[in-house]
Amino acid sequence: MSNDMFGFVGTYTRLGSEGIYTLRLNGETGELTQVSVATGLENPSFVTLDPSGEHLYAVCESSSFDGSGGVTAFNVNGATGELTQINQVSTGGPGPCHLMVDSTDSMVIVTNYAGGSVSSHMIAADGSVSEQTTFVQHEGSSVNPRRQEKAHAHSVNIDKSNKYAYICDLGKDQVLTYAMDVENATISLSSTVDEVAGEGPRHFTFHPTNQQVYVLNELGCTITLYDLGDDGTLTPIETVPTLPEGWDGENTTADIHTSPDGAFVYASNRGHDSLAIFSIDQSTGKMTLVGHEPSQGNTPRNFAITPDGKFLLVENQNSDSIVTLRRENDGTLTPTGSIINVPAPVCLQLLPVGG
């Protein structure tokens, strides 16, 4: 049986792309080839799949929906990887940049970066997405006058229990926990944790087995480890830098993922243009730097690790490329030689061929 995968790539049309690109990943070699592209969207920067793999949802990172951005639903052809649009609705705030579907395929939650807000939407049986069932406006600011002048909700992650959604707000220097009402597709604030001022929490990843999470701080160029309480609360344990000691160039971080076996955590540096690699102590969750691997391009944005842990695919937004790296047993990364051109790639979601 083939272990090939489809890769759905969100992009910025304002930077010259055509829309959402479907790629095919050779599961043995790591080579990527383009299959198709879904056009007619404005800045479908971030995409996500539902648990079944039958539907894909994309933000429209804009303000063209009466001053707000949008979320678009698609059917996914499991055999060909082609996308067919179902419907599109407003997110209620400008500049949506991240979204996630819950594990029961009942609701999608969207963060509006420019607007500093969060919306939730019900998902129908046909995959279509409803108008907002919840809209929450964040308020607040922090110490960086250019990037933290107001709230900037940057990402949403739903826990394995499907009870809580975690929102990283870069502008407020907070990670906010929302309790989820899946039946009604609504959310309500449960708790918050303050980051160190100026860190700018951006993205968030769960450890696959431990009750712990890793938060990537865009402005501080750090990763903070938190213990995860049964009630959704977060308790900070340690913070480590993503940059090599002594490197003082300009940099912001972008994306973070743990390996499927939970042995390593990876983060992307934009400026240093690298992937920072850390081993994870399985008893404490604490991180030890393994090293840095060049992204072989400019401004590595998001990246994806294949479910078998064999490859890491990194998107270099400003050099229009997606590079395949092989993961070694010690967590290090080795270039495979596979580089594919995709204009302004931002996000990559993987789906086994055949659904």
# chains A, B, ... in the order shown; residues from 1 in each chain; ligands from 1
$ select_by_dssp --residues "segment 223-326 of chain A" --states "strand (DSSP E or B)" --output "number ranges by chain"
A: 223-228, 234-241, 252-258, 264-270, 274-280, 287-294, 300-305, 311-316, 321-326
$ closest_residue --among "A:Gly30, A:Gly309, A:Gly249, A:Gly10" --to "His98 of chain A" --atoms "only C-alpha atoms"
A:Gly10
$ closest_residue --among "A:Glu183, A:Asp231, A:Asp4, A:Glu31" --to "Ile340 of chain A" --atoms "only C-alpha atoms"
A:Glu31
$ residues_around --residues "Val47 of chain A" --least-positions-apart "6" --cutoff "9 Å" --atoms "only C-alpha atoms" --output "PyMOL selection string"
chain A and resi 8-10+20+56-59+98-100+347-349
$ residues_around --residues "Arg327 of chain A" --least-positions-apart "6" --cutoff "8 Å" --atoms "only C-alpha atoms" --output "list of chain:residue names"
A:Gly309, A:Lys310, A:Phe311, A:Leu312, A:Leu333, A:Thr334
$ write_last_selection --atoms "N, CA and C atoms" --output "PDB file, in the first residue's frame"
ATOM      1  N   GLY A 309       6.797  10.273  10.828  1.00  0.00           N
ATOM      2  CA  GLY A 309       7.991  10.920  11.356  1.00  0.00           C
ATOM      3  C   GLY A 309       9.184  10.900  10.429  1.00  0.00           C
ATOM      4  N   LYS A 310       8.993  10.445   9.204  1.00  0.00           N
ATOM      5  CA  LYS A 310      10.121  10.234   8.296  1.00  0.00           C
ATOM      6  C   LYS A 310      10.647  11.536   7.694  1.00  0.00           C
ATOM      7  N   PHE A 311       9.737  12.453   7.344  1.00  0.00           N
ATOM      8  CA  PHE A 311      10.136  13.688   6.662  1.00  0.00           C
ATOM      9  C   PHE A 311       9.584  14.911   7.376  1.00  0.00           C
ATOM     10  N   LEU A 312      10.315  16.014   7.210  1.00  0.00           N
ATOM     11  CA  LEU A 312       9.843  17.333   7.614  1.00  0.00           C
ATOM     12  C   LEU A 312       9.851  18.210   6.366  1.00  0.00           C
ATOM     13  N   LEU A 333      18.177  16.788  10.891  1.00  0.00           N
ATOM     14  CA  LEU A 333      17.507  16.837   9.603  1.00  0.00           C
ATOM     15  C   LEU A 333      18.533  16.808   8.477  1.00  0.00           C
ATOM     16  N   THR A 334      18.249  16.025   7.436  1.00  0.00           N
ATOM     17  CA  THR A 334      19.144  15.895   6.297  1.00  0.00           C
ATOM     18  C   THR A 334      18.399  16.247   5.017  1.00  0.00           C
TER      19      THR A 334
END
$ closest_atom_pairs --of "segment 149-191 of chain A" --to "segment 202-221 of chain A" --cutoff "7 Å" --atoms "only C-alpha atoms" --output "CSV"
residue,atom,partner,partner_atom,distance
A:His154,CA,A:Arg202,CA,5.6
A:Ser155,CA,A:His203,CA,5.8
A:Asn157,CA,A:Phe204,CA,6.8
A:Cys168,CA,A:Arg202,CA,5.5
A:Asp169,CA,A:Arg202,CA,6.8
A:Leu170,CA,A:Arg202,CA,5.7
$ residues_around --residues "Ser319 of chain A" --least-positions-apart "2" --cutoff "6 Å" --atoms "only C-alpha atoms" --output "PDB file with N, CA, C and O atoms, in the first residue's frame"
ATOM      1  N   GLY A 297      16.315  28.223   2.258  1.00  0.00           N
ATOM      2  CA  GLY A 297      15.527  29.268   1.623  1.00  0.00           C
ATOM      3  C   GLY A 297      15.388  30.450   2.551  1.00  0.00           C
ATOM      4  O   GLY A 297      16.015  30.501   3.620  1.00  0.00           O
ATOM      5  N   ASN A 298      14.532  31.387   2.162  1.00  0.00           N
ATOM      6  CA  ASN A 298      14.338  32.606   2.932  1.00  0.00           C
ATOM      7  C   ASN A 298      12.986  32.598   3.641  1.00  0.00           C
ATOM      8  O   ASN A 298      11.956  32.306   3.029  1.00  0.00           O
ATOM      9  N   ASN A 316       9.479  27.960   2.627  1.00  0.00           N
ATOM     10  CA  ASN A 316      10.231  29.209   2.633  1.00  0.00           C
ATOM     11  C   ASN A 316       9.424  30.266   1.888  1.00  0.00           C
ATOM     12  O   ASN A 316       9.420  30.323   0.660  1.00  0.00           O
ATOM     13  N   GLN A 317       8.738  31.101   2.661  1.00  0.00           N
ATOM     14  CA  GLN A 317       7.763  32.031   2.082  1.00  0.00           C
ATOM     15  C   GLN A 317       8.396  33.001   1.092  1.00  0.00           C
ATOM     16  O   GLN A 317       7.855  33.242   0.016  1.00  0.00           O
ATOM     17  N   SER A 321       9.533  28.390  -2.008  1.00  0.00           N
ATOM     18  CA  SER A 321       9.962  26.994  -2.111  1.00  0.00           C
ATOM     19  C   SER A 321       9.493  26.181  -0.918  1.00  0.00           C
ATOM     20  O   SER A 321       9.305  26.705   0.189  1.00  0.00           O
TER      21      SER A 321
END
$ residues_around --residues "Val193 of chain A" --least-positions-apart "3" --cutoff "9 Å" --atoms "only C-alpha atoms" --output "count of residues only"
9
$ residues_around --residues "segment 279-295 of chain A" --least-positions-apart "2" --cutoff "10 Å" --atoms "only C-alpha atoms" --output "tab-separated table (two decimals) with N, CA, C and O atoms, in the first residue's frame"
chain	number	residue	atom	x	y	z
A	207	HIS	N	2.34	17.96	23.35
A	207	HIS	CA	3.13	16.73	23.36
A	207	HIS	C	2.16	15.58	23.12
A	207	HIS	O	1.05	15.56	23.65
A	209	THR	N	1.93	12.51	24.14
A	209	THR	CA	1.55	11.62	25.24
A	209	THR	C	1.55	12.32	26.60
A	209	THR	O	0.70	12.04	27.44
A	210	ASN	N	2.50	13.22	26.85
A	210	ASN	CA	2.55	13.92	28.13
A	210	ASN	C	1.47	15.00	28.20
A	210	ASN	O	1.04	15.52	27.18
A	211	GLN	N	1.08	15.36	29.41
A	211	GLN	CA	0.13	16.46	29.61
A	211	GLN	C	0.91	17.78	29.62
A	211	GLN	O	0.96	18.50	30.62
A	212	GLN	N	1.52	18.08	28.48
A	212	GLN	CA	2.36	19.27	28.36
A	212	GLN	C	2.21	19.88	26.97
A	212	GLN	O	1.86	19.18	26.00
A	213	VAL	N	2.48	21.18	26.88
A	213	VAL	CA	2.43	21.88	25.61
A	213	VAL	C	3.65	22.78	25.47
A	213	VAL	O	4.29	23.15	26.48
A	214	TYR	N	3.96	23.13	24.23
A	214	TYR	CA	5.08	24.00	23.91
A	214	TYR	C	4.54	25.20	23.15
A	214	TYR	O	3.88	25.03	22.12
A	223	ILE	N	10.85	29.25	23.20
A	223	ILE	CA	9.79	28.26	23.39
A	223	ILE	C	9.55	28.13	24.89
A	223	ILE	O	10.50	27.97	25.66
A	224	THR	N	8.29	28.19	25.30
A	224	THR	CA	7.94	27.99	26.70
A	224	THR	C	7.18	26.68	26.86
A	224	THR	O	6.20	26.42	26.15
A	225	LEU	N	7.67	25.86	27.78
A	225	LEU	CA	7.01	24.60	28.13
A	225	LEU	C	6.02	24.85	29.26
A	225	LEU	O	6.35	25.51	30.25
A	226	TYR	N	4.81	24.31	29.09
A	226	TYR	CA	3.78	24.41	30.13
A	226	TYR	C	3.27	23.02	30.49
A	226	TYR	O	3.10	22.16	29.61
A	227	ASP	N	2.98	22.81	31.77
A	227	ASP	CA	2.17	21.68	32.18
A	227	ASP	C	0.72	22.01	31.90
A	227	ASP	O	0.27	23.16	32.08
A	237	ILE	N	6.88	25.95	32.91
A	237	ILE	CA	7.96	25.13	33.46
A	237	ILE	C	9.33	25.70	33.10
A	237	ILE	O	10.19	25.88	33.96
A	238	GLU	N	9.56	25.98	31.83
A	238	GLU	CA	10.85	26.53	31.40
A	238	GLU	C	10.68	27.25	30.07
A	238	GLU	O	9.72	27.01	29.33
A	239	THR	N	11.64	28.12	29.76
A	239	THR	CA	11.68	28.83	28.48
A	239	THR	C	13.10	28.74	27.93
A	239	THR	O	14.06	28.98	28.67
A	240	VAL	N	13.22	28.37	26.64
A	240	VAL	CA	14.54	28.24	26.02
A	240	VAL	C	14.58	29.05	24.73
A	240	VAL	O	13.56	29.24	24.07
A	241	PRO	N	15.76	29.56	24.33
A	241	PRO	CA	15.88	30.33	23.09
A	241	PRO	C	15.92	29.44	21.86
A	241	PRO	O	16.41	28.30	21.92
A	242	THR	N	15.39	29.94	20.74
A	242	THR	CA	15.43	29.20	19.48
A	242	THR	C	16.64	29.55	18.63
A	242	THR	O	16.88	28.89	17.62
A	243	LEU	N	17.40	30.56	19.04
A	243	LEU	CA	18.55	31.01	18.25
A	243	LEU	C	19.86	30.51	18.85
A	243	LEU	O	19.95	30.30	20.06
A	244	PRO	N	20.89	30.33	18.02
A	244	PRO	CA	22.19	29.93	18.56
A	244	PRO	C	22.76	31.00	19.48
A	244	PRO	O	22.52	32.21	19.28
A	258	THR	N	5.90	19.07	17.63
A	258	THR	CA	6.61	17.95	18.22
A	258	THR	C	6.62	16.79	17.21
A	258	THR	O	5.72	16.68	16.37
A	259	SER	N	7.62	15.94	17.30
A	259	SER	CA	7.66	14.76	16.45
A	259	SER	C	6.58	13.78	16.89
A	259	SER	O	6.13	13.80	18.04
A	262	GLY	N	7.09	12.10	20.09
A	262	GLY	CA	7.25	12.94	21.26
A	262	GLY	C	8.68	13.11	21.73
A	262	GLY	O	8.92	13.66	22.81
A	263	ALA	N	9.65	12.67	20.92
A	263	ALA	CA	11.05	12.72	21.35
A	263	ALA	C	11.72	14.06	21.06
A	263	ALA	O	12.73	14.40	21.68
A	264	PHE	N	11.16	14.82	20.10
A	264	PHE	CA	11.80	16.07	19.67
A	264	PHE	C	10.74	17.14	19.42
A	264	PHE	O	9.59	16.84	19.12
A	265	VAL	N	11.18	18.39	19.55
A	265	VAL	CA	10.35	19.52	19.17
A	265	VAL	C	11.16	20.41	18.24
A	265	VAL	O	12.37	20.59	18.43
A	266	TYR	N	10.49	20.91	17.19
A	266	TYR	CA	11.12	21.72	16.15
A	266	TYR	C	10.44	23.08	16.07
A	266	TYR	O	9.22	23.18	16.28
A	267	ALA	N	11.22	24.12	15.75
A	267	ALA	CA	10.66	25.46	15.60
A	267	ALA	C	11.38	26.17	14.45
A	267	ALA	O	12.58	25.95	14.24
A	268	SER	N	10.65	27.01	13.71
A	268	SER	CA	11.24	27.70	12.57
A	268	SER	C	11.63	29.13	12.95
A	268	SER	O	10.88	29.85	13.60
A	269	ASN	N	12.85	29.52	12.51
A	269	ASN	CA	13.40	30.86	12.70
A	269	ASN	C	13.39	31.61	11.38
A	269	ASN	O	14.00	31.15	10.41
A	270	ARG	N	12.74	32.78	11.35
A	270	ARG	CA	12.73	33.62	10.16
A	270	ARG	C	13.72	34.76	10.36
A	270	ARG	O	13.50	35.63	11.20
A	272	HIS	N	17.22	34.03	10.87
A	272	HIS	CA	18.28	33.02	10.94
A	272	HIS	C	18.04	31.95	9.88
A	272	HIS	O	18.98	31.25	9.46
A	273	ASP	N	16.78	31.84	9.41
A	273	ASP	CA	16.36	30.91	8.35
A	273	ASP	C	16.81	29.49	8.65
A	273	ASP	O	17.58	28.86	7.91
A	274	SER	N	16.27	28.99	9.75
A	274	SER	CA	16.66	27.66	10.21
A	274	SER	C	15.51	26.99	10.94
A	274	SER	O	14.50	27.63	11.29
A	275	LEU	N	15.69	25.71	11.17
A	275	LEU	CA	14.83	24.94	12.06
A	275	LEU	C	15.64	24.61	13.30
A	275	LEU	O	16.69	23.98	13.22
A	276	ALA	N	15.16	25.08	14.45
A	276	ALA	CA	15.79	24.74	15.72
A	276	ALA	C	15.28	23.37	16.17
A	276	ALA	O	14.08	23.09	16.08
A	277	ILE	N	16.18	22.53	16.63
A	277	ILE	CA	15.86	21.15	16.99
A	277	ILE	C	16.18	20.93	18.46
A	277	ILE	O	17.31	21.21	18.91
A	297	GLY	N	16.32	28.22	2.26
A	297	GLY	CA	15.53	29.27	1.62
A	297	GLY	C	15.39	30.45	2.55
A	297	GLY	O	16.01	30.50	3.62
A	298	ASN	N	14.53	31.39	2.16
A	298	ASN	CA	14.34	32.61	2.93
A	298	ASN	C	12.99	32.60	3.64
A	298	ASN	O	11.96	32.31	3.03
A	299	THR	N	13.03	32.91	4.92
A	299	THR	CA	11.83	33.10	5.74
A	299	THR	C	11.00	31.82	5.85
A	299	THR	O	9.88	31.73	5.34
A	300	PRO	N	11.53	30.79	6.52
A	300	PRO	CA	10.74	29.58	6.74
A	300	PRO	C	9.52	29.87	7.60
A	300	PRO	O	9.64	30.29	8.73
A	301	ARG	N	8.36	29.66	7.03
A	301	ARG	CA	7.10	29.96	7.73
A	301	ARG	C	6.65	28.69	8.45
A	301	ARG	O	7.31	28.24	9.37
A	313	LEU	N	8.72	18.85	6.09
A	313	LEU	CA	8.57	19.70	4.91
A	313	LEU	C	8.48	21.14	5.36
A	313	LEU	O	7.57	21.50	6.12
A	314	VAL	N	9.41	21.99	4.93
A	314	VAL	CA	9.45	23.37	5.39
A	314	VAL	C	9.18	24.32	4.22
A	314	VAL	O	9.69	24.14	3.12
A	315	GLU	N	8.34	25.32	4.49
A	315	GLU	CA	7.95	26.29	3.48
A	315	GLU	C	8.74	27.58	3.66
A	315	GLU	O	8.66	28.23	4.71
A	316	ASN	N	9.48	27.96	2.63
A	316	ASN	CA	10.23	29.21	2.63
A	316	ASN	C	9.42	30.27	1.89
A	316	ASN	O	9.42	30.32	0.66
A	321	SER	N	9.53	28.39	-2.01
A	321	SER	CA	9.96	26.99	-2.11
A	321	SER	C	9.49	26.18	-0.92
A	321	SER	O	9.30	26.71	0.19
A	322	ILE	N	9.29	24.88	-1.17
A	322	ILE	CA	9.04	23.91	-0.11
A	322	ILE	C	10.12	22.85	-0.21
A	322	ILE	O	10.34	22.26	-1.27
A	323	VAL	N	10.82	22.64	0.89
A	323	VAL	CA	11.99	21.77	0.93
A	323	VAL	C	11.68	20.55	1.79
A	323	VAL	O	11.10	20.67	2.88
A	324	THR	N	12.06	19.38	1.29
A	324	THR	CA	11.89	18.14	2.06
A	324	THR	C	13.19	17.77	2.77
A	324	THR	O	14.24	17.66	2.14
A	325	LEU	N	13.10	17.58	4.09
A	325	LEU	CA	14.23	17.15	4.91
A	325	LEU	C	13.89	15.80	5.53
A	325	LEU	O	12.75	15.56	5.96
A	330	ASP	N	18.41	10.69	15.56
A	330	ASP	CA	18.83	11.61	16.62
A	330	ASP	C	18.14	12.96	16.53
A	330	ASP	O	18.52	13.91	17.23
A	331	GLY	N	17.09	13.05	15.68
A	331	GLY	CA	16.32	14.28	15.56
A	331	GLY	C	16.85	15.26	14.54
A	331	GLY	O	16.15	16.21	14.18
A	332	THR	N	18.09	15.08	14.10
A	332	THR	CA	18.66	15.99	13.12
A	332	THR	C	17.96	15.82	11.77
A	332	THR	O	17.26	14.83	11.53
A	333	LEU	N	18.18	16.79	10.89
A	333	LEU	CA	17.51	16.84	9.60
A	333	LEU	C	18.53	16.81	8.48
A	333	LEU	O	19.55	17.50	8.54
A	334	THR	N	18.25	16.03	7.44
A	334	THR	CA	19.14	15.90	6.30
A	334	THR	C	18.40	16.25	5.02
A	334	THR	O	17.34	15.66	4.76
A	335	PRO	N	18.90	17.18	4.21
A	335	PRO	CA	18.22	17.51	2.95
A	335	PRO	C	18.11	16.29	2.04
A	335	PRO	O	19.06	15.52	1.90
$ closest_residue --among "A:Thr22, A:Tyr12, A:Thr134, A:Val35" --to "Leu351 of chain A" --atoms "only C-alpha atoms"
A:Thr22
$ closest_residue --among "A:Phe6, A:Thr33, A:Pro260, A:Thr306" --to "Val342 of chain A" --atoms "only C-alpha atoms"
A:Thr33
